[in-house]
$ cat upload27.cif   # mmCIF, N, CA and C atoms and all ligand atoms
data_input
loop_
_atom_site.label_atom_id
_atom_site.label_comp_id
_atom_site.auth_asym_id
_atom_site.auth_seq_id
_atom_site.Cartn_x
_atom_site.Cartn_y
_atom_site.Cartn_z
N MET A 194 -3.04 0.00 -4.19
CA MET A 194 -2.14 0.90 -3.45
C MET A 194 -0.72 0.29 -3.44
N VAL A 195 0.24 1.04 -3.94
CA VAL A 195 1.63 0.57 -3.92
C VAL A 195 2.21 0.84 -2.53
N TYR A 196 3.00 -0.12 -2.02
CA TYR A 196 3.57 0.06 -0.68
C TYR A 196 4.60 1.18 -0.67
N ASP A 197 4.42 2.13 0.23
CA ASP A 197 5.34 3.26 0.35
C ASP A 197 6.40 2.93 1.40
N GLU A 198 7.62 2.67 0.95
CA GLU A 198 8.72 2.28 1.86
C GLU A 198 9.05 3.38 2.88
N ASN A 199 8.56 4.59 2.61
CA ASN A 199 8.88 5.70 3.51
C ASN A 199 7.75 6.04 4.47
N ASN A 200 6.71 5.16 4.54
CA ASN A 200 5.66 5.44 5.52
C ASN A 200 6.23 5.30 6.94
N ILE A 201 5.56 5.95 7.88
CA ILE A 201 6.12 6.08 9.24
C ILE A 201 6.32 4.72 9.93
N PHE A 202 5.45 3.74 9.64
CA PHE A 202 5.61 2.44 10.29
C PHE A 202 6.76 1.65 9.66
N ALA A 203 7.02 1.86 8.37
CA ALA A 203 8.19 1.25 7.73
C ALA A 203 9.45 1.80 8.39
N LYS A 204 9.43 3.09 8.69
CA LYS A 204 10.60 3.71 9.35
C LYS A 204 10.77 3.17 10.77
N ILE A 205 9.65 2.94 11.46
CA ILE A 205 9.73 2.33 12.80
C ILE A 205 10.31 0.92 12.70
N LEU A 206 9.85 0.15 11.71
CA LEU A 206 10.36 -1.22 11.54
C LEU A 206 11.85 -1.23 11.22
N ARG A 207 12.32 -0.23 10.48
CA ARG A 207 13.76 -0.15 10.16
C ARG A 207 14.54 0.52 11.29
N LYS A 208 13.84 0.88 12.37
CA LYS A 208 14.44 1.54 13.55
C LYS A 208 15.03 2.91 13.21
N GLU A 209 14.49 3.54 12.17
CA GLU A 209 14.93 4.89 11.82
C GLU A 209 14.28 5.92 12.75
N ILE A 210 13.08 5.56 13.26
CA ILE A 210 12.47 6.38 14.30
C ILE A 210 12.02 5.44 15.42
N PRO A 211 12.02 5.94 16.66
CA PRO A 211 11.71 5.07 17.80
C PRO A 211 10.21 4.82 17.96
N CYS A 212 9.89 3.81 18.75
CA CYS A 212 8.50 3.60 19.14
C CYS A 212 8.50 3.11 20.59
N ASP A 213 7.35 3.22 21.21
CA ASP A 213 7.18 2.77 22.59
C ASP A 213 6.68 1.32 22.53
N LYS A 214 7.64 0.41 22.45
CA LYS A 214 7.34 -1.00 22.14
C LYS A 214 6.59 -1.71 23.26
N VAL A 215 5.59 -2.50 22.87
CA VAL A 215 4.81 -3.31 23.81
C VAL A 215 5.18 -4.78 23.64
N TYR A 216 5.39 -5.21 22.41
CA TYR A 216 5.69 -6.61 22.12
C TYR A 216 6.32 -6.71 20.73
N GLU A 217 7.25 -7.63 20.58
CA GLU A 217 7.85 -7.86 19.26
C GLU A 217 8.22 -9.32 19.12
N ASP A 218 8.01 -9.86 17.94
CA ASP A 218 8.56 -11.19 17.62
C ASP A 218 9.02 -11.16 16.16
N GLU A 219 9.27 -12.35 15.62
CA GLU A 219 9.83 -12.45 14.26
C GLU A 219 8.94 -11.77 13.22
N PHE A 220 7.62 -11.84 13.42
CA PHE A 220 6.69 -11.40 12.37
C PHE A 220 5.98 -10.08 12.66
N SER A 221 5.97 -9.66 13.94
CA SER A 221 5.09 -8.55 14.32
C SER A 221 5.74 -7.59 15.30
N LEU A 222 5.22 -6.37 15.31
CA LEU A 222 5.64 -5.37 16.30
C LEU A 222 4.39 -4.66 16.82
N PHE A 223 4.33 -4.48 18.14
CA PHE A 223 3.22 -3.78 18.79
C PHE A 223 3.80 -2.63 19.60
N PHE A 224 3.17 -1.46 19.49
CA PHE A 224 3.67 -0.28 20.20
C PHE A 224 2.50 0.64 20.54
N ASN A 225 2.74 1.52 21.52
CA ASN A 225 1.69 2.45 21.95
C ASN A 225 1.47 3.52 20.89
N ASP A 226 0.20 3.84 20.64
CA ASP A 226 -0.13 4.90 19.70
C ASP A 226 0.36 6.24 20.27
N ILE A 227 0.92 7.06 19.40
CA ILE A 227 1.49 8.35 19.82
C ILE A 227 0.39 9.34 20.23
N ASN A 228 -0.82 9.10 19.76
CA ASN A 228 -1.95 10.00 20.05
C ASN A 228 -3.13 9.15 20.53
N PRO A 229 -3.01 8.62 21.78
CA PRO A 229 -3.97 7.61 22.23
C PRO A 229 -5.41 8.11 22.30
N GLN A 230 -6.32 7.28 21.83
CA GLN A 230 -7.76 7.60 21.85
C GLN A 230 -8.48 6.89 22.99
N ALA A 231 -7.73 6.19 23.83
CA ALA A 231 -8.28 5.51 25.01
C ALA A 231 -7.13 5.30 25.98
N LYS A 232 -7.45 4.88 27.22
CA LYS A 232 -6.39 4.68 28.23
C LYS A 232 -5.35 3.69 27.72
N ILE A 233 -5.83 2.67 27.02
CA ILE A 233 -4.90 1.74 26.35
C ILE A 233 -5.16 1.87 24.85
N HIS A 234 -4.11 2.20 24.12
CA HIS A 234 -4.24 2.30 22.65
C HIS A 234 -2.92 1.80 22.05
N VAL A 235 -2.96 0.54 21.65
CA VAL A 235 -1.78 -0.12 21.09
C VAL A 235 -2.01 -0.38 19.61
N LEU A 236 -0.96 -0.22 18.82
CA LEU A 236 -1.02 -0.54 17.40
C LEU A 236 -0.20 -1.80 17.16
N GLY A 237 -0.74 -2.70 16.35
CA GLY A 237 -0.02 -3.92 15.98
C GLY A 237 0.21 -3.93 14.49
N ILE A 238 1.46 -4.18 14.10
CA ILE A 238 1.76 -4.25 12.66
C ILE A 238 2.55 -5.51 12.33
N PRO A 239 2.24 -6.12 11.19
CA PRO A 239 3.10 -7.19 10.72
C PRO A 239 4.39 -6.59 10.17
N LYS A 240 5.48 -7.32 10.23
CA LYS A 240 6.73 -6.82 9.67
C LYS A 240 6.73 -6.91 8.14
N PHE A 241 5.83 -7.72 7.62
CA PHE A 241 5.66 -7.88 6.17
C PHE A 241 5.17 -6.56 5.56
N PRO A 242 5.78 -6.10 4.45
CA PRO A 242 5.31 -4.85 3.85
C PRO A 242 3.95 -5.01 3.19
N CYS A 243 2.93 -4.40 3.76
CA CYS A 243 1.57 -4.55 3.23
C CYS A 243 0.80 -3.28 3.55
N THR A 244 -0.11 -2.92 2.66
CA THR A 244 -0.78 -1.63 2.79
C THR A 244 -2.03 -1.69 3.65
N THR A 245 -2.81 -2.73 3.47
CA THR A 245 -4.12 -2.83 4.14
C THR A 245 -4.34 -4.25 4.64
N PHE A 246 -5.43 -4.43 5.39
CA PHE A 246 -5.84 -5.77 5.83
C PHE A 246 -5.93 -6.72 4.64
N SER A 247 -6.63 -6.29 3.59
CA SER A 247 -6.83 -7.16 2.42
C SER A 247 -5.50 -7.47 1.74
N ASN A 248 -4.65 -6.46 1.64
CA ASN A 248 -3.34 -6.64 1.01
C ASN A 248 -2.48 -7.62 1.82
N PHE A 249 -2.55 -7.54 3.14
CA PHE A 249 -1.82 -8.48 4.00
C PHE A 249 -2.32 -9.91 3.79
N LEU A 250 -3.65 -10.08 3.83
CA LEU A 250 -4.23 -11.42 3.67
C LEU A 250 -3.92 -12.00 2.30
N LYS A 251 -3.85 -11.14 1.30
CA LYS A 251 -3.60 -11.58 -0.07
C LYS A 251 -2.15 -12.00 -0.27
N ASN A 252 -1.22 -11.27 0.34
CA ASN A 252 0.19 -11.42 -0.03
C ASN A 252 1.09 -12.12 0.99
N ALA A 253 0.72 -12.11 2.24
CA ALA A 253 1.60 -12.74 3.24
C ALA A 253 1.34 -14.25 3.26
N ASP A 254 2.33 -15.03 3.70
CA ASP A 254 2.06 -16.47 3.77
C ASP A 254 1.29 -16.80 5.05
N ASN A 255 0.69 -18.01 5.04
CA ASN A 255 -0.22 -18.38 6.13
C ASN A 255 0.46 -18.32 7.50
N LYS A 256 1.73 -18.72 7.53
CA LYS A 256 2.46 -18.74 8.80
C LYS A 256 2.51 -17.33 9.40
N ASN A 257 2.78 -16.37 8.53
CA ASN A 257 2.87 -14.98 8.93
C ASN A 257 1.51 -14.45 9.41
N ILE A 258 0.47 -14.79 8.65
CA ILE A 258 -0.88 -14.31 8.98
C ILE A 258 -1.34 -14.89 10.33
N ILE A 259 -1.16 -16.18 10.49
CA ILE A 259 -1.58 -16.82 11.75
C ILE A 259 -0.78 -16.25 12.91
N SER A 260 0.53 -16.10 12.71
CA SER A 260 1.38 -15.58 13.77
C SER A 260 0.95 -14.17 14.19
N PHE A 261 0.64 -13.33 13.19
CA PHE A 261 0.24 -11.96 13.51
C PHE A 261 -1.01 -11.95 14.39
N PHE A 262 -2.04 -12.71 13.97
CA PHE A 262 -3.29 -12.66 14.74
C PHE A 262 -3.15 -13.34 16.10
N LYS A 263 -2.28 -14.35 16.19
CA LYS A 263 -2.02 -14.94 17.51
C LYS A 263 -1.28 -13.94 18.40
N SER A 264 -0.44 -13.12 17.79
CA SER A 264 0.26 -12.09 18.57
C SER A 264 -0.71 -11.04 19.09
N VAL A 265 -1.74 -10.71 18.30
CA VAL A 265 -2.76 -9.78 18.78
C VAL A 265 -3.37 -10.34 20.06
N GLN A 266 -3.70 -11.62 20.05
CA GLN A 266 -4.30 -12.25 21.23
C GLN A 266 -3.31 -12.29 22.40
N LEU A 267 -2.03 -12.53 22.10
CA LEU A 267 -1.01 -12.56 23.15
C LEU A 267 -0.90 -11.19 23.84
N VAL A 268 -0.95 -10.14 23.04
CA VAL A 268 -0.86 -8.78 23.58
C VAL A 268 -2.12 -8.47 24.42
N ILE A 269 -3.28 -8.91 23.94
CA ILE A 269 -4.53 -8.74 24.71
C ILE A 269 -4.39 -9.41 26.08
N LYS A 270 -3.79 -10.59 26.10
CA LYS A 270 -3.57 -11.32 27.36
C LYS A 270 -2.59 -10.55 28.24
N ASP A 271 -1.47 -10.12 27.63
CA ASP A 271 -0.43 -9.40 28.39
C ASP A 271 -0.96 -8.11 28.99
N LEU A 272 -1.85 -7.44 28.26
CA LEU A 272 -2.41 -6.17 28.74
C LEU A 272 -3.53 -6.40 29.77
N GLU A 273 -3.90 -7.68 29.94
CA GLU A 273 -4.95 -8.07 30.90
C GLU A 273 -6.27 -7.37 30.59
N ILE A 274 -6.64 -7.38 29.32
CA ILE A 274 -7.90 -6.73 28.90
C ILE A 274 -8.88 -7.73 28.30
N GLU A 275 -8.50 -9.02 28.36
CA GLU A 275 -9.36 -10.02 27.72
C GLU A 275 -10.74 -10.03 28.37
N ASN A 276 -10.79 -9.95 29.69
CA ASN A 276 -12.09 -10.04 30.38
C ASN A 276 -12.83 -8.71 30.43
N SER A 277 -12.10 -7.63 30.62
CA SER A 277 -12.77 -6.31 30.71
C SER A 277 -13.24 -5.84 29.35
N GLY A 278 -12.58 -6.28 28.29
CA GLY A 278 -13.03 -5.96 26.94
C GLY A 278 -12.11 -5.00 26.21
N TYR A 279 -12.29 -4.97 24.92
CA TYR A 279 -11.41 -4.16 24.06
C TYR A 279 -12.10 -4.00 22.72
N ARG A 280 -11.57 -3.10 21.92
CA ARG A 280 -12.06 -2.96 20.55
C ARG A 280 -10.88 -3.04 19.59
N LEU A 281 -11.03 -3.87 18.56
CA LEU A 281 -10.02 -3.96 17.50
C LEU A 281 -10.55 -3.20 16.30
N ILE A 282 -9.69 -2.36 15.75
CA ILE A 282 -10.08 -1.58 14.56
C ILE A 282 -8.96 -1.66 13.54
N THR A 283 -9.33 -1.83 12.28
CA THR A 283 -8.35 -1.58 11.23
C THR A 283 -9.00 -0.70 10.18
N ASN A 284 -8.43 0.47 9.98
CA ASN A 284 -8.93 1.40 8.97
C ASN A 284 -8.26 1.05 7.65
N SER A 285 -9.05 1.03 6.60
CA SER A 285 -8.49 0.64 5.30
C SER A 285 -8.89 1.63 4.22
N GLY A 286 -7.88 2.20 3.59
CA GLY A 286 -8.10 3.07 2.43
C GLY A 286 -8.79 4.37 2.77
N GLU A 287 -9.16 5.06 1.72
CA GLU A 287 -9.68 6.42 1.86
C GLU A 287 -10.98 6.45 2.68
N ASN A 288 -11.95 5.62 2.31
CA ASN A 288 -13.22 5.64 3.03
C ASN A 288 -13.09 5.12 4.45
N GLY A 289 -12.10 4.27 4.69
CA GLY A 289 -11.87 3.75 6.04
C GLY A 289 -11.12 4.74 6.92
N GLY A 290 -10.60 5.81 6.32
CA GLY A 290 -9.89 6.83 7.10
C GLY A 290 -8.48 6.42 7.48
N GLN A 291 -7.85 5.57 6.67
CA GLN A 291 -6.49 5.12 6.97
C GLN A 291 -5.49 6.24 6.72
N GLU A 292 -4.66 6.52 7.75
CA GLU A 292 -3.65 7.58 7.60
C GLU A 292 -2.30 7.02 7.25
N VAL A 293 -1.94 5.92 7.90
CA VAL A 293 -0.61 5.35 7.66
C VAL A 293 -0.78 4.11 6.76
N PRO A 294 -0.15 4.13 5.58
CA PRO A 294 -0.40 3.07 4.60
C PRO A 294 0.43 1.79 4.80
N HIS A 295 0.55 1.37 6.06
CA HIS A 295 1.08 0.04 6.39
C HIS A 295 0.01 -0.58 7.28
N PHE A 296 -0.53 -1.74 6.89
CA PHE A 296 -1.61 -2.38 7.64
C PHE A 296 -1.33 -2.39 9.14
N HIS A 297 -2.31 -1.98 9.92
CA HIS A 297 -2.17 -2.01 11.38
C HIS A 297 -3.53 -2.25 12.02
N ILE A 298 -3.45 -2.84 13.22
CA ILE A 298 -4.65 -3.05 14.04
C ILE A 298 -4.54 -2.16 15.27
N HIS A 299 -5.61 -1.43 15.53
CA HIS A 299 -5.69 -0.64 16.76
C HIS A 299 -6.29 -1.54 17.84
N ILE A 300 -5.68 -1.58 19.01
CA ILE A 300 -6.27 -2.25 20.18
C ILE A 300 -6.61 -1.15 21.18
N LEU A 301 -7.90 -0.94 21.37
CA LEU A 301 -8.36 0.12 22.28
C LEU A 301 -9.00 -0.53 23.50
N ALA A 302 -8.62 -0.05 24.69
CA ALA A 302 -9.13 -0.67 25.91
C ALA A 302 -8.85 0.22 27.10
N GLY A 303 -9.10 -0.33 28.29
CA GLY A 303 -8.79 0.37 29.54
C GLY A 303 -9.92 1.25 30.03
N GLU A 304 -10.93 1.43 29.22
CA GLU A 304 -12.12 2.20 29.59
C GLU A 304 -13.19 1.85 28.56
N LYS A 305 -14.41 2.29 28.80
CA LYS A 305 -15.49 2.00 27.84
C LYS A 305 -15.23 2.79 26.57
N ILE A 306 -15.13 2.11 25.46
CA ILE A 306 -14.86 2.77 24.18
C ILE A 306 -16.19 3.28 23.62
N GLY A 307 -16.23 4.54 23.28
CA GLY A 307 -17.48 5.17 22.84
C GLY A 307 -17.92 4.70 21.46
N SER A 308 -19.08 5.19 21.11
CA SER A 308 -19.64 4.87 19.80
C SER A 308 -18.76 5.47 18.71
N LEU A 309 -18.75 4.84 17.55
CA LEU A 309 -17.90 5.30 16.45
C LEU A 309 -18.47 6.56 15.81
N ARG A 310 -19.73 6.81 15.98
CA ARG A 310 -20.34 8.00 15.35
C ARG A 310 -20.94 8.90 16.40
P1 LIG B 401 -4.90 5.08 10.92
O1 LIG B 401 -5.72 6.33 10.84
O2 LIG B 401 -5.69 3.85 11.18
O3 LIG B 401 -3.96 4.97 9.75
O4 LIG B 401 -4.04 5.23 12.23
C1 LIG B 401 -2.72 5.69 12.28
C2 LIG B 401 -2.36 5.80 13.74
O5 LIG B 401 -0.95 5.89 13.84
C3 LIG B 401 -2.93 7.03 14.45
O6 LIG B 401 -3.71 6.58 15.55
C4 LIG B 401 -1.69 7.80 14.90
O7 LIG B 401 -1.86 8.42 16.14
C5 LIG B 401 -0.64 6.71 14.93
N1 LIG B 401 0.74 7.15 14.75
C6 LIG B 401 1.22 7.97 13.80
N2 LIG B 401 2.55 8.11 13.93
C7 LIG B 401 2.92 7.36 15.00
C8 LIG B 401 4.15 7.09 15.64
N3 LIG B 401 5.30 7.62 15.22
N4 LIG B 401 4.17 6.27 16.71
C9 LIG B 401 3.01 5.71 17.15
N5 LIG B 401 1.81 5.92 16.58
C10 LIG B 401 1.76 6.73 15.52
#
$ encode --input "upload27.cif" --output "structure tokens" --more "lines below"
Ligand code: AMP
Amino acid sequence: MVYDENNIFAKILRKEIPCDKVYEDEFSLFFNDINPQAKIHVLGIPKFPCTTFSNFLKNADNKNIISFFKSVQLVIKDLEIENSGYRLITNSGENGGQEVPHFHIHILAGEKIGSLR
């Protein structure tokens, strides 16, 4: 999959369209999902242009990868959902049901998350 510079998250990163920001640092941006599937539904994206989880792991440097996943944990702490629980999801490619072709992690929490099927 070739990275599409015009995908909606690339536009958010370039500040061409706004987002409801939860956390940002040098490597990552976290914001509320526009169509939440739970009381808490945050999306986390690396600033590195990458299409999927595998593409991110393959192409980003270790510093960036470690920083991104540590930021996921930081946001979990900030949202105070570490003890009550949460679900992390990343959809990848056609069979995974990925809609936006910039790698992202869904953080779902705030209530019991139902079965996937
Ligand atoms: P996925 O199906 O894993 O690619 O998920 C894409 C997610 O992006 C969906 O949950 C959408 O609701 C969400 N989304 C799409 N556009 C925006 C936007 N402008 N701001 C925040 N979330 C968005």
$ residues_around --input "upload27.cif" --residues "A:Phe224" --least-positions-apart "3" --cutoff "6 Å" --atoms "all atoms listed in the file" --output "JSON, numbers by chain"
{"A": [212, 213, 214, 215, 216, 234, 235, 236, 237]}
$ atom_distance --input "upload27.cif" --atom1 "atom C of A:Ile282" --atom2 "atom C of A:Ile300"
8.0 Å
$ select_by_dssp --input "upload27.cif" --residues "stretch 207-303 of chain A" --states "alpha helix (DSSP H)" --output "ChimeraX atom specification"
/A:246-252,255-271,286-289
$ atom_distance --input "upload27.cif" --atom1 "atom CA of A:Phe261" --atom2 "atom CA of A:Arg280"
16.8 Å
$ residues_around --input "upload27.cif" --residues "A:Ala231" --least-positions-apart "3" --cutoff "6.5 Å" --atoms "all atoms listed in the file" --output "count of residues only"
6
$ residues_near_ligand --input "upload27.cif" --ligand "ligand LIG 401 (chain B)" --cutoff "10 Å" --atoms "only C-alpha atoms and all ligand atoms" --output "PyMOL selection string"
chain A and resi 200-202+204-205+210-214+223-230+234-236+245+282-287+289-299
